[in-house]
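*Asks:* Please see the structure below; I have some questions.
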2 protein chains.
Amino acid sequence: MTRELPTSLLMFIASRAAGDRIFRAVHEAGFDDVTIAQSRLMMGIDTEGTRLSVLAERAQIAKQTATALVDKLERAGYVQRVPDPSDGRARLVRMTPRAEAALPTARAEEDRIEAEWRAHLGAERMNQLREALTALREITDPYLLGSQ
Amino acid sequence: MTRELPTSLLMFIASRAAGDRIFRAVHEAGFDDVTIAQSRLMMGIDTEGTRLSVLAERAQIAKQTATALVDKLERAGYVQRVPDPSDGRARLVRMTPRAEAALPTARAEEDRIEAEWRAHLGAERMNQLREALTALREITDPYLLGSQ
DNA sequence: CTACATTAGTTCGATCATGGGACCAGTCTA
DNA sequence: TAGACTGGTCCCATGATCGAACTAATGTAG
């Protein structure tokens, strides 16, 4: 008699599979010098640029870790640090054209996964799934929770 | 205009929140010398004991990584290696009483999360969610996929 | 306007996680 | 029995992670 798998573990399985695929697709497109931790950090960068401390908060890591990741991303030419005009202490982390060039690949793979899942579940169940997951963010997303 | 969050990311958010909570609960119960990677590995151990290579496969890590994790878990008294009677090369990784003592805490927190989610979504949507996630395993779970 | 507290970011140093490559000792097979 | 295969380990290099302490800029109370 096996214990039922927790819902969170079911989510982990699927999200990990998706993450791996996106990561592999980006690698195969030639951007093979980014790691998962680095790309997760990059996902938090807005188009105008984002402060390091905000990136750390979004990725749920310490500032020192974010510093180290940005260092490597900068050396690899994916991001650059520019002064923040509104605060002399701060700097904004911005994507370079190289990082922007990688985005379409990632998005395309995301879309492909999304389509496969929809095909497997059917439109109805897929919509219910997304709807339930979105509702769950209200009590699980630290970013949403922090800003309310 | 923001792009809709991918379904896999929605799953990541919730599963990460749950994982963090379970991890913290176990820590606060006194088992504060286990790391996340180590506990993920432990989750793959069956009651009779499990081979290291199987654990590595389940956790999707290399054998060397599993060796290192088991080393630490063994030193901390959570697991032990016993010879595998059916194969002289192999050894079985088994949980010690200490690890078993931590299980109820983890399960209790899991159940609590599960209950909170059910309360937030309602029974109907929660069931649909679990059902959809379970169906998705058919195309995303490397363990299921490998054994078919 | 000055002194003190706060904040953004960095550096140092320690520990854990991870996997490539090489290796040994059992096991299986032709 | 020889050679292929498999389970596991060791060595080693790299990445990720964070506590603690620090610098520089900003904000604030008096």
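Residues are named by chain letter and number: chains run A, B, ... in the order of the structure tokens, numbers start at 1 in each chain, and ligands are numbered from 1 in the order shown.
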With chain A held fixed, move chain B onto it by a least-squares fit of all C-alpha atoms in order and give the output as a tab-separated table (two decimals) with N, CA and C atoms, in the first residue's frame.

*Replies:*
```
chain	number	residue	atom	x	y	z
B	1	MET	N	0.88	-1.24	0.03
B	1	MET	CA	0.01	-0.08	-0.13
B	1	MET	C	0.83	1.20	-0.12
B	2	THR	N	0.92	1.84	-1.25
B	2	THR	CA	1.73	3.06	-1.33
B	2	THR	C	0.91	4.27	-0.96
B	3	ARG	N	1.60	5.17	-0.31
B	3	ARG	CA	1.00	6.45	0.06
B	3	ARG	C	0.80	7.27	-1.21
B	4	GLU	N	-0.31	8.00	-1.27
B	4	GLU	CA	-0.55	8.85	-2.44
B	4	GLU	C	0.52	9.93	-2.53
B	5	LEU	N	0.94	10.23	-3.71
B	5	LEU	CA	1.96	11.27	-3.85
B	5	LEU	C	1.36	12.63	-3.50
B	6	PRO	N	2.09	13.41	-2.71
B	6	PRO	CA	1.60	14.75	-2.39
B	6	PRO	C	1.44	15.58	-3.66
B	7	THR	N	0.48	16.46	-3.63
B	7	THR	CA	0.23	17.32	-4.79
B	7	THR	C	1.47	18.12	-5.16
B	8	SER	N	2.18	18.58	-4.13
B	8	SER	CA	3.37	19.38	-4.40
B	8	SER	C	4.43	18.58	-5.13
B	9	LEU	N	4.50	17.29	-4.84
B	9	LEU	CA	5.48	16.45	-5.52
B	9	LEU	C	5.08	16.24	-6.98
B	10	LEU	N	3.79	16.09	-7.20
B	10	LEU	CA	3.32	15.96	-8.58
B	10	LEU	C	3.70	17.20	-9.38
B	11	MET	N	3.59	18.34	-8.75
B	11	MET	CA	3.97	19.59	-9.42
B	11	MET	C	5.47	19.62	-9.67
B	12	PHE	N	6.20	19.15	-8.70
B	12	PHE	CA	7.65	19.15	-8.83
B	12	PHE	C	8.09	18.32	-10.03
B	13	ILE	N	7.49	17.16	-10.18
B	13	ILE	CA	7.85	16.27	-11.28
B	13	ILE	C	7.66	16.96	-12.62
B	14	ALA	N	6.48	17.54	-12.81
B	14	ALA	CA	6.19	18.16	-14.10
B	14	ALA	C	7.04	19.40	-14.33
B	15	SER	N	7.17	20.23	-13.29
B	15	SER	CA	7.91	21.48	-13.50
B	15	SER	C	9.38	21.20	-13.74
B	16	ARG	N	9.88	20.18	-13.10
B	16	ARG	CA	11.28	19.83	-13.32
B	16	ARG	C	11.50	19.33	-14.75
B	17	ALA	N	10.58	18.52	-15.22
B	17	ALA	CA	10.70	18.03	-16.60
B	17	ALA	C	10.70	19.20	-17.58
B	18	ALA	N	9.81	20.16	-17.34
B	18	ALA	CA	9.74	21.31	-18.22
B	18	ALA	C	11.01	22.14	-18.14
B	19	GLY	N	11.46	22.39	-16.92
B	19	GLY	CA	12.69	23.17	-16.74
B	19	GLY	C	13.87	22.54	-17.45
B	20	ASP	N	13.98	21.24	-17.32
B	20	ASP	CA	15.08	20.54	-17.97
B	20	ASP	C	15.03	20.72	-19.49
B	21	ARG	N	13.83	20.61	-20.02
B	21	ARG	CA	13.71	20.72	-21.48
B	21	ARG	C	14.08	22.11	-21.96
B	22	ILE	N	13.60	23.13	-21.28
B	22	ILE	CA	13.91	24.50	-21.68
B	22	ILE	C	15.41	24.73	-21.60
B	23	PHE	N	15.97	24.26	-20.49
B	23	PHE	CA	17.40	24.42	-20.27
B	23	PHE	C	18.19	23.76	-21.40
B	24	ARG	N	17.78	22.57	-21.76
B	24	ARG	CA	18.49	21.85	-22.81
B	24	ARG	C	18.34	22.55	-24.16
B	25	ALA	N	17.13	23.03	-24.43
B	25	ALA	CA	16.89	23.72	-25.71
B	25	ALA	C	17.79	24.95	-25.83
B	26	VAL	N	17.89	25.71	-24.74
B	26	VAL	CA	18.72	26.91	-24.77
B	26	VAL	C	20.19	26.52	-24.97
B	27	HIS	N	20.60	25.46	-24.30
B	27	HIS	CA	21.97	24.99	-24.46
B	27	HIS	C	22.25	24.61	-25.90
B	28	GLU	N	21.31	23.84	-26.47
B	28	GLU	CA	21.54	23.35	-27.82
B	28	GLU	C	21.51	24.48	-28.84
B	29	ALA	N	20.91	25.60	-28.46
B	29	ALA	CA	20.89	26.75	-29.38
B	29	ALA	C	22.20	27.52	-29.30
B	30	GLY	N	23.15	27.01	-28.53
B	30	GLY	CA	24.46	27.65	-28.51
B	30	GLY	C	24.76	28.42	-27.23
B	31	PHE	N	23.77	28.60	-26.40
B	31	PHE	CA	24.01	29.32	-25.15
B	31	PHE	C	24.32	28.30	-24.06
B	32	ASP	N	25.46	27.66	-24.20
B	32	ASP	CA	25.73	26.52	-23.33
B	32	ASP	C	26.60	26.88	-22.15
B	33	ASP	N	26.78	28.17	-21.91
B	33	ASP	CA	27.60	28.57	-20.76
B	33	ASP	C	26.76	29.19	-19.65
B	34	VAL	N	25.46	28.98	-19.68
B	34	VAL	CA	24.60	29.44	-18.59
B	34	VAL	C	24.18	28.24	-17.77
B	35	THR	N	24.12	28.41	-16.49
B	35	THR	CA	23.66	27.33	-15.62
B	35	THR	C	22.20	27.59	-15.24
B	36	ILE	N	21.59	26.61	-14.58
B	36	ILE	CA	20.19	26.77	-14.21
B	36	ILE	C	20.02	27.91	-13.23
B	37	ALA	N	20.89	27.97	-12.23
B	37	ALA	CA	20.77	29.03	-11.24
B	37	ALA	C	20.89	30.40	-11.92
B	38	GLN	N	21.80	30.48	-12.86
B	38	GLN	CA	21.98	31.75	-13.55
B	38	GLN	C	20.76	32.12	-14.37
B	39	SER	N	20.18	31.15	-15.05
B	39	SER	CA	19.03	31.49	-15.88
B	39	SER	C	17.81	31.81	-15.02
B	40	ARG	N	17.71	31.18	-13.87
B	40	ARG	CA	16.60	31.53	-12.98
B	40	ARG	C	16.74	32.98	-12.53
B	41	LEU	N	17.95	33.38	-12.26
B	41	LEU	CA	18.15	34.78	-11.87
B	41	LEU	C	17.79	35.71	-13.02
B	42	MET	N	18.21	35.34	-14.22
B	42	MET	CA	17.95	36.19	-15.38
B	42	MET	C	16.47	36.37	-15.64
B	43	MET	N	15.70	35.32	-15.30
B	43	MET	CA	14.26	35.39	-15.53
B	43	MET	C	13.64	36.56	-14.76
B	44	GLY	N	14.33	37.05	-13.73
B	44	GLY	CA	13.76	38.12	-12.93
B	44	GLY	C	14.07	39.52	-13.43
B	45	ILE	N	14.85	39.60	-14.50
B	45	ILE	CA	15.26	40.92	-15.00
B	45	ILE	C	14.18	41.53	-15.88
B	46	ASP	N	13.74	42.73	-15.55
B	46	ASP	CA	12.78	43.44	-16.41
B	46	ASP	C	13.53	44.13	-17.54
B	47	THR	N	12.78	44.60	-18.53
B	47	THR	CA	13.43	45.19	-19.70
B	47	THR	C	14.23	46.43	-19.35
B	48	GLU	N	13.77	47.21	-18.38
B	48	GLU	CA	14.50	48.43	-18.01
B	48	GLU	C	15.72	48.14	-17.14
B	49	GLY	N	15.85	46.91	-16.68
B	49	GLY	CA	16.93	46.60	-15.75
B	49	GLY	C	16.37	46.48	-14.35
B	50	THR	N	17.03	45.71	-13.52
B	50	THR	CA	16.52	45.42	-12.18
B	50	THR	C	17.65	45.43	-11.18
B	51	ARG	N	17.36	45.92	-9.99
B	51	ARG	CA	18.39	45.94	-8.97
B	51	ARG	C	18.74	44.53	-8.51
B	52	LEU	N	19.97	44.39	-8.10
B	52	LEU	CA	20.46	43.09	-7.65
B	52	LEU	C	19.66	42.57	-6.46
B	53	SER	N	19.36	43.44	-5.52
B	53	SER	CA	18.64	42.97	-4.33
B	53	SER	C	17.24	42.49	-4.70
B	54	VAL	N	16.64	43.12	-5.70
B	54	VAL	CA	15.33	42.67	-6.15
B	54	VAL	C	15.44	41.31	-6.82
B	55	LEU	N	16.48	41.16	-7.61
B	55	LEU	CA	16.69	39.86	-8.26
B	55	LEU	C	16.86	38.76	-7.22
B	56	ALA	N	17.64	39.08	-6.17
B	56	ALA	CA	17.87	38.10	-5.12
B	56	ALA	C	16.56	37.72	-4.46
B	57	GLU	N	15.74	38.72	-4.21
B	57	GLU	CA	14.45	38.47	-3.56
B	57	GLU	C	13.56	37.60	-4.45
B	58	ARG	N	13.53	37.94	-5.73
B	58	ARG	CA	12.67	37.17	-6.65
B	58	ARG	C	13.13	35.73	-6.77
B	59	ALA	N	14.42	35.53	-6.81
B	59	ALA	CA	14.92	34.16	-6.95
B	59	ALA	C	15.03	33.46	-5.60
B	60	GLN	N	14.72	34.19	-4.54
B	60	GLN	CA	14.79	33.64	-3.18
B	60	GLN	C	16.19	33.13	-2.85
B	61	ILE	N	17.16	33.96	-3.09
B	61	ILE	CA	18.54	33.65	-2.72
B	61	ILE	C	19.13	34.85	-2.00
B	62	ALA	N	20.29	34.65	-1.36
B	62	ALA	CA	20.93	35.74	-0.63
B	62	ALA	C	21.57	36.71	-1.61
B	63	LYS	N	21.79	37.91	-1.14
B	63	LYS	CA	22.40	38.93	-1.99
B	63	LYS	C	23.78	38.49	-2.48
B	64	GLN	N	24.53	37.86	-1.61
B	64	GLN	CA	25.88	37.45	-1.99
B	64	GLN	C	25.84	36.45	-3.15
B	65	THR	N	24.83	35.56	-3.08
B	65	THR	CA	24.68	34.58	-4.15
B	65	THR	C	24.35	35.28	-5.45
B	66	ALA	N	23.45	36.25	-5.38
B	66	ALA	CA	23.08	37.00	-6.57
B	66	ALA	C	24.29	37.73	-7.14
B	67	THR	N	25.09	38.31	-6.26
B	67	THR	CA	26.31	38.98	-6.73
B	67	THR	C	27.18	38.01	-7.52
B	68	ALA	N	27.37	36.84	-6.95
B	68	ALA	CA	28.22	35.85	-7.61
B	68	ALA	C	27.64	35.45	-8.97
B	69	LEU	N	26.33	35.25	-9.03
B	69	LEU	CA	25.71	34.84	-10.29
B	69	LEU	C	25.80	35.94	-11.33
B	70	VAL	N	25.55	37.18	-10.90
B	70	VAL	CA	25.64	38.30	-11.84
B	70	VAL	C	27.07	38.44	-12.34
B	71	ASP	N	28.03	38.25	-11.45
B	71	ASP	CA	29.43	38.31	-11.87
B	71	ASP	C	29.68	37.37	-13.05
B	72	LYS	N	29.21	36.14	-12.88
B	72	LYS	CA	29.46	35.15	-13.94
B	72	LYS	C	28.70	35.49	-15.21
B	73	LEU	N	27.45	35.91	-15.04
B	73	LEU	CA	26.66	36.28	-16.21
B	73	LEU	C	27.29	37.46	-16.93
B	74	GLU	N	27.86	38.38	-16.16
B	74	GLU	CA	28.48	39.54	-16.77
B	74	GLU	C	29.73	39.13	-17.55
B	75	ARG	N	30.51	38.25	-16.92
B	75	ARG	CA	31.72	37.80	-17.59
B	75	ARG	C	31.39	37.05	-18.87
B	76	ALA	N	30.25	36.34	-18.87
B	76	ALA	CA	29.86	35.58	-20.05
B	76	ALA	C	29.12	36.46	-21.06
B	77	GLY	N	28.90	37.72	-20.72
B	77	GLY	CA	28.32	38.64	-21.68
B	77	GLY	C	26.80	38.63	-21.77
B	78	TYR	N	26.14	38.11	-20.74
B	78	TYR	CA	24.68	38.06	-20.78
B	78	TYR	C	24.02	39.27	-20.12
B	79	VAL	N	24.69	39.84	-19.15
B	79	VAL	CA	24.11	41.01	-18.47
B	79	VAL	C	25.20	42.07	-18.29
B	80	GLN	N	24.78	43.27	-17.96
B	80	GLN	CA	25.74	44.30	-17.59
B	80	GLN	C	25.16	45.12	-16.44
B	81	ARG	N	26.02	45.70	-15.66
B	81	ARG	CA	25.60	46.54	-14.55
B	81	ARG	C	25.71	47.99	-14.96
B	82	VAL	N	24.63	48.73	-14.82
B	82	VAL	CA	24.66	50.16	-15.13
B	82	VAL	C	24.22	50.90	-13.88
B	83	PRO	N	24.70	52.13	-13.68
B	83	PRO	CA	24.32	52.88	-12.49
B	83	PRO	C	22.81	53.15	-12.48
B	84	ASP	N	22.24	53.14	-11.30
B	84	ASP	CA	20.82	53.47	-11.15
B	84	ASP	C	20.70	54.98	-10.94
B	85	PRO	N	20.10	55.67	-11.90
B	85	PRO	CA	20.05	57.14	-11.81
B	85	PRO	C	19.30	57.62	-10.56
B	86	SER	N	18.42	56.79	-10.05
B	86	SER	CA	17.59	57.25	-8.93
B	86	SER	C	18.22	56.98	-7.57
B	87	ASP	N	19.37	56.28	-7.55
B	87	ASP	CA	20.00	55.97	-6.26
B	87	ASP	C	21.48	55.67	-6.48
B	88	GLY	N	22.32	56.50	-5.93
B	88	GLY	CA	23.75	56.38	-6.15
B	88	GLY	C	24.36	55.09	-5.65
B	89	ARG	N	23.70	54.44	-4.68
B	89	ARG	CA	24.24	53.19	-4.16
B	89	ARG	C	23.97	52.04	-5.11
B	90	ALA	N	22.84	52.15	-5.79
B	90	ALA	CA	22.33	50.99	-6.54
B	90	ALA	C	22.83	50.95	-7.98
B	91	ARG	N	22.77	49.76	-8.54
B	91	ARG	CA	23.05	49.59	-9.95
B	91	ARG	C	21.95	48.70	-10.53
B	92	LEU	N	21.72	48.91	-11.80
B	92	LEU	CA	20.69	48.10	-12.45
B	92	LEU	C	21.36	47.00	-13.27
B	93	VAL	N	20.84	45.80	-13.12
B	93	VAL	CA	21.32	44.68	-13.93
B	93	VAL	C	20.46	44.63	-15.18
B	94	ARG	N	21.08	44.73	-16.33
B	94	ARG	CA	20.33	44.72	-17.58
B	94	ARG	C	20.80	43.58	-18.48
B	95	MET	N	19.86	43.07	-19.27
B	95	MET	CA	20.22	42.04	-20.23
B	95	MET	C	20.96	42.68	-21.40
B	96	THR	N	21.92	41.95	-21.93
B	96	THR	CA	22.60	42.39	-23.15
B	96	THR	C	21.88	41.78	-24.35
B	97	PRO	N	22.23	42.22	-25.53
B	97	PRO	CA	21.65	41.60	-26.74
B	97	PRO	C	21.84	40.08	-26.74
B	98	ARG	N	22.94	39.63	-26.22
B	98	ARG	CA	23.19	38.17	-26.20
B	98	ARG	C	22.10	37.45	-25.42
B	99	ALA	N	21.74	37.99	-24.26
B	99	ALA	CA	20.68	37.36	-23.47
B	99	ALA	C	19.35	37.44	-24.20
B	100	GLU	N	19.12	38.59	-24.80
B	100	GLU	CA	17.85	38.75	-25.51
B	100	GLU	C	17.76	37.80	-26.69
B	101	ALA	N	18.92	37.47	-27.24
B	101	ALA	CA	18.92	36.54	-28.37
B	101	ALA	C	18.52	35.14	-27.93
B	102	ALA	N	18.71	34.84	-26.65
B	102	ALA	CA	18.39	33.50	-26.16
B	102	ALA	C	16.91	33.36	-25.80
B	103	LEU	N	16.27	34.49	-25.57
B	103	LEU	CA	14.88	34.44	-25.12
B	103	LEU	C	13.93	33.71	-26.07
B	104	PRO	N	13.98	34.00	-27.37
B	104	PRO	CA	13.03	33.31	-28.26
B	104	PRO	C	13.13	31.81	-28.18
B	105	THR	N	14.34	31.28	-28.05
B	105	THR	CA	14.50	29.83	-27.93
B	105	THR	C	13.78	29.31	-26.70
B	106	ALA	N	14.00	29.99	-25.58
B	106	ALA	CA	13.37	29.57	-24.33
B	106	ALA	C	11.85	29.64	-24.45
B	107	ARG	N	11.36	30.73	-24.99
B	107	ARG	CA	9.92	30.90	-25.11
B	107	ARG	C	9.31	29.87	-26.05
B	108	ALA	N	10.03	29.58	-27.10
B	108	ALA	CA	9.51	28.61	-28.06
B	108	ALA	C	9.36	27.24	-27.40
B	109	GLU	N	10.36	26.86	-26.61
B	109	GLU	CA	10.29	25.56	-25.95
B	109	GLU	C	9.16	25.55	-24.92
B	110	GLU	N	9.05	26.65	-24.18
B	110	GLU	CA	7.94	26.80	-23.24
B	110	GLU	C	6.60	26.56	-23.96
B	111	ASP	N	6.45	27.23	-25.08
B	111	ASP	CA	5.19	27.12	-25.82
B	111	ASP	C	4.96	25.69	-26.29
B	112	ARG	N	6.04	25.05	-26.70
B	112	ARG	CA	5.92	23.68	-27.18
B	112	ARG	C	5.44	22.77	-26.05
B	113	ILE	N	6.05	22.94	-24.88
B	113	ILE	CA	5.65	22.13	-23.73
B	113	ILE	C	4.18	22.38	-23.40
B	114	GLU	N	3.86	23.65	-23.34
B	114	GLU	CA	2.49	24.05	-23.03
B	114	GLU	C	1.51	23.38	-24.01
B	115	ALA	N	1.86	23.37	-25.27
B	115	ALA	CA	1.00	22.78	-26.29
B	115	ALA	C	0.88	21.27	-26.09
B	116	GLU	N	2.00	20.63	-25.77
B	116	GLU	CA	1.97	19.18	-25.55
B	116	GLU	C	1.09	18.82	-24.36
B	117	TRP	N	1.23	19.57	-23.32
B	117	TRP	CA	0.42	19.32	-22.13
B	117	TRP	C	-1.06	19.50	-22.45
B	118	ARG	N	-1.34	20.55	-23.20
B	118	ARG	CA	-2.74	20.82	-23.56
B	118	ARG	C	-3.30	19.69	-24.41
B	119	ALA	N	-2.45	19.20	-25.29
B	119	ALA	CA	-2.89	18.10	-26.15
B	119	ALA	C	-3.14	16.84	-25.32
B	120	HIS	N	-2.30	16.64	-24.33
B	120	HIS	CA	-2.43	15.42	-23.53
B	120	HIS	C	-3.64	15.48	-22.61
B	121	LEU	N	-3.88	16.65	-22.04
B	121	LEU	CA	-4.96	16.77	-21.05
B	121	LEU	C	-6.31	17.13	-21.69
B	122	GLY	N	-6.26	17.76	-22.83
B	122	GLY	CA	-7.46	18.35	-23.40
B	122	GLY	C	-7.60	19.78	-22.91
B	123	ALA	N	-8.24	20.61	-23.71
B	123	ALA	CA	-8.31	22.04	-23.41
B	123	ALA	C	-8.99	22.31	-22.07
B	124	GLU	N	-10.04	21.57	-21.84
B	124	GLU	CA	-10.82	21.79	-20.62
B	124	GLU	C	-9.99	21.57	-19.35
B	125	ARG	N	-9.36	20.40	-19.26
B	125	ARG	CA	-8.58	20.10	-18.06
B	125	ARG	C	-7.36	21.01	-17.94
B	126	MET	N	-6.78	21.36	-19.08
B	126	MET	CA	-5.63	22.25	-19.04
B	126	MET	C	-6.04	23.61	-18.46
B	127	ASN	N	-7.17	24.09	-18.88
B	127	ASN	CA	-7.64	25.38	-18.36
B	127	ASN	C	-7.91	25.30	-16.85
B	128	GLN	N	-8.52	24.21	-16.45
B	128	GLN	CA	-8.78	24.02	-15.02
B	128	GLN	C	-7.47	23.98	-14.25
B	129	LEU	N	-6.50	23.29	-14.83
B	129	LEU	CA	-5.20	23.17	-14.17
B	129	LEU	C	-4.58	24.55	-13.97
B	130	ARG	N	-4.52	25.31	-15.03
B	130	ARG	CA	-3.93	26.66	-14.95
B	130	ARG	C	-4.70	27.53	-13.96
B	131	GLU	N	-5.99	27.38	-13.99
B	131	GLU	CA	-6.82	28.20	-13.11
B	131	GLU	C	-6.55	27.86	-11.64
B	132	ALA	N	-6.47	26.58	-11.35
B	132	ALA	CA	-6.21	26.17	-9.97
B	132	ALA	C	-4.82	26.61	-9.53
B	133	LEU	N	-3.85	26.44	-10.39
B	133	LEU	CA	-2.47	26.82	-10.05
B	133	LEU	C	-2.37	28.32	-9.81
B	134	THR	N	-3.09	29.07	-10.64
B	134	THR	CA	-3.07	30.52	-10.47
B	134	THR	C	-3.69	30.92	-9.13
B	135	ALA	N	-4.77	30.25	-8.78
B	135	ALA	CA	-5.41	30.54	-7.50
B	135	ALA	C	-4.47	30.19	-6.34
B	136	LEU	N	-3.71	29.14	-6.51
B	136	LEU	CA	-2.80	28.71	-5.43
B	136	LEU	C	-1.70	29.73	-5.17
B	137	ARG	N	-1.36	30.51	-6.19
B	137	ARG	CA	-0.33	31.53	-6.00
B	137	ARG	C	-0.69	32.46	-4.86
B	138	GLU	N	-1.99	32.66	-4.67
B	138	GLU	CA	-2.43	33.59	-3.62
B	138	GLU	C	-1.92	33.18	-2.25
B	139	ILE	N	-1.69	31.90	-2.06
B	139	ILE	CA	-1.21	31.49	-0.73
B	139	ILE	C	0.18	30.87	-0.76
B	140	THR	N	0.80	30.83	-1.96
B	140	THR	CA	2.12	30.19	-2.00
B	140	THR	C	3.22	31.07	-2.59
B	141	ASP	N	2.85	32.10	-3.33
B	141	ASP	CA	3.86	32.92	-4.01
B	141	ASP	C	4.39	33.98	-3.06
B	142	PRO	N	5.65	33.84	-2.63
B	142	PRO	CA	6.20	34.81	-1.68
B	142	PRO	C	6.23	36.21	-2.26
B	143	TYR	N	6.30	36.31	-3.57
B	143	TYR	CA	6.37	37.61	-4.19
B	143	TYR	C	5.02	38.33	-4.09
B	144	LEU	N	3.97	37.59	-4.41
B	144	LEU	CA	2.63	38.14	-4.25
B	144	LEU	C	2.34	38.43	-2.79
B	145	LEU	N	2.70	37.47	-1.94
B	145	LEU	CA	2.41	37.60	-0.51
B	145	LEU	C	3.14	38.81	0.08
B	146	GLY	N	4.36	39.03	-0.38
B	146	GLY	CA	5.15	40.13	0.17
B	146	GLY	C	4.58	41.49	-0.18
B	147	SER	N	3.91	41.59	-1.32
B	147	SER	CA	3.51	42.90	-1.80
B	147	SER	C	2.06	43.24	-1.49
B	148	GLN	N	1.46	42.48	-0.60
B	148	GLN	CA	0.05	42.80	-0.34
B	148	GLN	C	-0.14	43.48	1.00
```

*Asks:* Got a sec to tell me which of segment 8-95 of chain A DSSP assigns to alpha helix (DSSP H), as a ChimeraX atom specification?

*Replies:* /A:8-28,36-42,52-59,63-75

*Asks:* Save out the residues we just selected, C-alpha atoms, as a short mmCIF file (atom, residue, chain, number, x, y, z; two decimals), in the first residue's frame.

*Replies:*
```
data_model
loop_
_atom_site.label_atom_id
_atom_site.label_comp_id
_atom_site.auth_asym_id
_atom_site.auth_seq_id
_atom_site.Cartn_x
_atom_site.Cartn_y
_atom_site.Cartn_z
CA SER A 8 3.37 19.43 -4.40
CA LEU A 9 5.50 16.49 -5.50
CA LEU A 10 3.34 15.98 -8.57
CA MET A 11 3.98 19.61 -9.42
CA PHE A 12 7.67 19.19 -8.82
CA ILE A 13 7.87 16.29 -11.26
CA ALA A 14 6.22 18.17 -14.09
CA SER A 15 7.92 21.49 -13.51
CA ARG A 16 11.31 19.84 -13.31
CA ALA A 17 10.72 18.04 -16.59
CA ALA A 18 9.75 21.32 -18.22
CA GLY A 19 12.68 23.18 -16.74
CA ASP A 20 15.11 20.56 -17.97
CA ARG A 21 13.72 20.74 -21.48
CA ILE A 22 13.90 24.50 -21.68
CA PHE A 23 17.40 24.44 -20.29
CA ARG A 24 18.49 21.86 -22.83
CA ALA A 25 16.88 23.75 -25.72
CA VAL A 26 18.70 26.93 -24.79
CA HIS A 27 21.95 25.03 -24.49
CA GLU A 28 21.53 23.40 -27.85
CA ILE A 36 20.18 26.76 -14.24
CA ALA A 37 20.77 29.01 -11.26
CA GLN A 38 21.97 31.75 -13.56
CA SER A 39 19.00 31.49 -15.89
CA ARG A 40 16.60 31.52 -12.98
CA LEU A 41 18.15 34.76 -11.87
CA MET A 42 17.94 36.20 -15.37
CA LEU A 52 20.47 43.07 -7.63
CA SER A 53 18.67 42.94 -4.32
CA VAL A 54 15.33 42.65 -6.12
CA LEU A 55 16.69 39.83 -8.25
CA ALA A 56 17.87 38.05 -5.11
CA GLU A 57 14.44 38.42 -3.56
CA ARG A 58 12.66 37.15 -6.66
CA ALA A 59 14.91 34.13 -6.98
CA LYS A 63 22.37 38.88 -2.01
CA GLN A 64 25.85 37.39 -2.00
CA THR A 65 24.68 34.53 -4.15
CA ALA A 66 23.09 36.95 -6.58
CA THR A 67 26.31 38.94 -6.72
CA ALA A 68 28.23 35.80 -7.63
CA LEU A 69 25.71 34.81 -10.30
CA VAL A 70 25.64 38.28 -11.85
CA ASP A 71 29.45 38.28 -11.89
CA LYS A 72 29.47 35.15 -13.97
CA LEU A 73 26.65 36.29 -16.23
CA GLU A 74 28.47 39.55 -16.78
CA ARG A 75 31.72 37.81 -17.62
#
```

*Asks:* What residues in segment 36-104 of chain B get the DSSP label strand (DSSP E)? Please answer as a ChimeraX atom specification.

*Replies:* /B:50-51,79-83,91-95

*Asks:* Write out as a ChimeraX atom specification every residue belonging to chain D that has an atom at most 10 Å from any atom of chain B, counting only C-alpha atoms (C1' of nucleotides).

*Replies:* /D:6-10

*Asks:* Could you dump the residues just selected with N, CA and C atoms (P, O5', C5', C4', C3', O3' and C1' of nucleotides) as a short mmCIF file (atom, residue, chain, number, x, y, z; two decimals), in the first residue's frame?

*Replies:*
```
data_model
loop_
_atom_site.label_atom_id
_atom_site.label_comp_id
_atom_site.auth_asym_id
_atom_site.auth_seq_id
_atom_site.Cartn_x
_atom_site.Cartn_y
_atom_site.Cartn_z
P DT D 6 25.59 -3.02 -18.54
"O5'" DT D 6 25.81 -3.12 -16.97
"C5'" DT D 6 25.66 -4.36 -16.31
"C4'" DT D 6 25.91 -4.16 -14.84
"C3'" DT D 6 25.45 -2.81 -14.31
"O3'" DT D 6 24.81 -3.02 -13.07
"C1'" DT D 6 27.73 -3.14 -13.82
P DG D 7 24.15 -1.89 -12.26
"O5'" DG D 7 25.09 -1.82 -10.98
"C5'" DG D 7 25.04 -2.89 -10.04
"C4'" DG D 7 25.83 -2.49 -8.82
"C3'" DG D 7 25.46 -1.12 -8.26
"O3'" DG D 7 25.41 -1.18 -6.84
"C1'" DG D 7 27.74 -1.13 -8.91
P DG D 8 25.06 0.11 -6.03
"O5'" DG D 8 26.51 0.72 -5.79
"C5'" DG D 8 27.46 -0.05 -5.07
"C4'" DG D 8 28.81 0.63 -5.08
"C3'" DG D 8 28.81 2.08 -4.58
"O3'" DG D 8 29.40 2.10 -3.29
"C1'" DG D 8 30.23 1.74 -6.48
P DT D 9 29.65 3.44 -2.53
"O5'" DT D 9 31.15 3.82 -2.94
"C5'" DT D 9 32.18 2.85 -2.78
"C4'" DT D 9 33.50 3.40 -3.31
"C3'" DT D 9 33.85 4.80 -2.79
"O3'" DT D 9 35.10 4.72 -2.11
"C1'" DT D 9 34.14 4.65 -5.15
P DC D 10 35.67 5.96 -1.31
"O5'" DC D 10 36.70 6.63 -2.34
"C5'" DC D 10 37.74 5.83 -2.89
"C4'" DC D 10 38.60 6.66 -3.82
"C3'" DC D 10 38.85 8.09 -3.33
"O3'" DC D 10 40.25 8.36 -3.37
"C1'" DC D 10 37.99 8.11 -5.55
#
```

*Asks:* Could you please determine the separation between atom C1' of DC12 of chain C and atom C1' of DC18 of chain D in Å, to one decimal place?

*Replies:*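 Rounded to one decimal, the two atoms are 11.9 Å apart.
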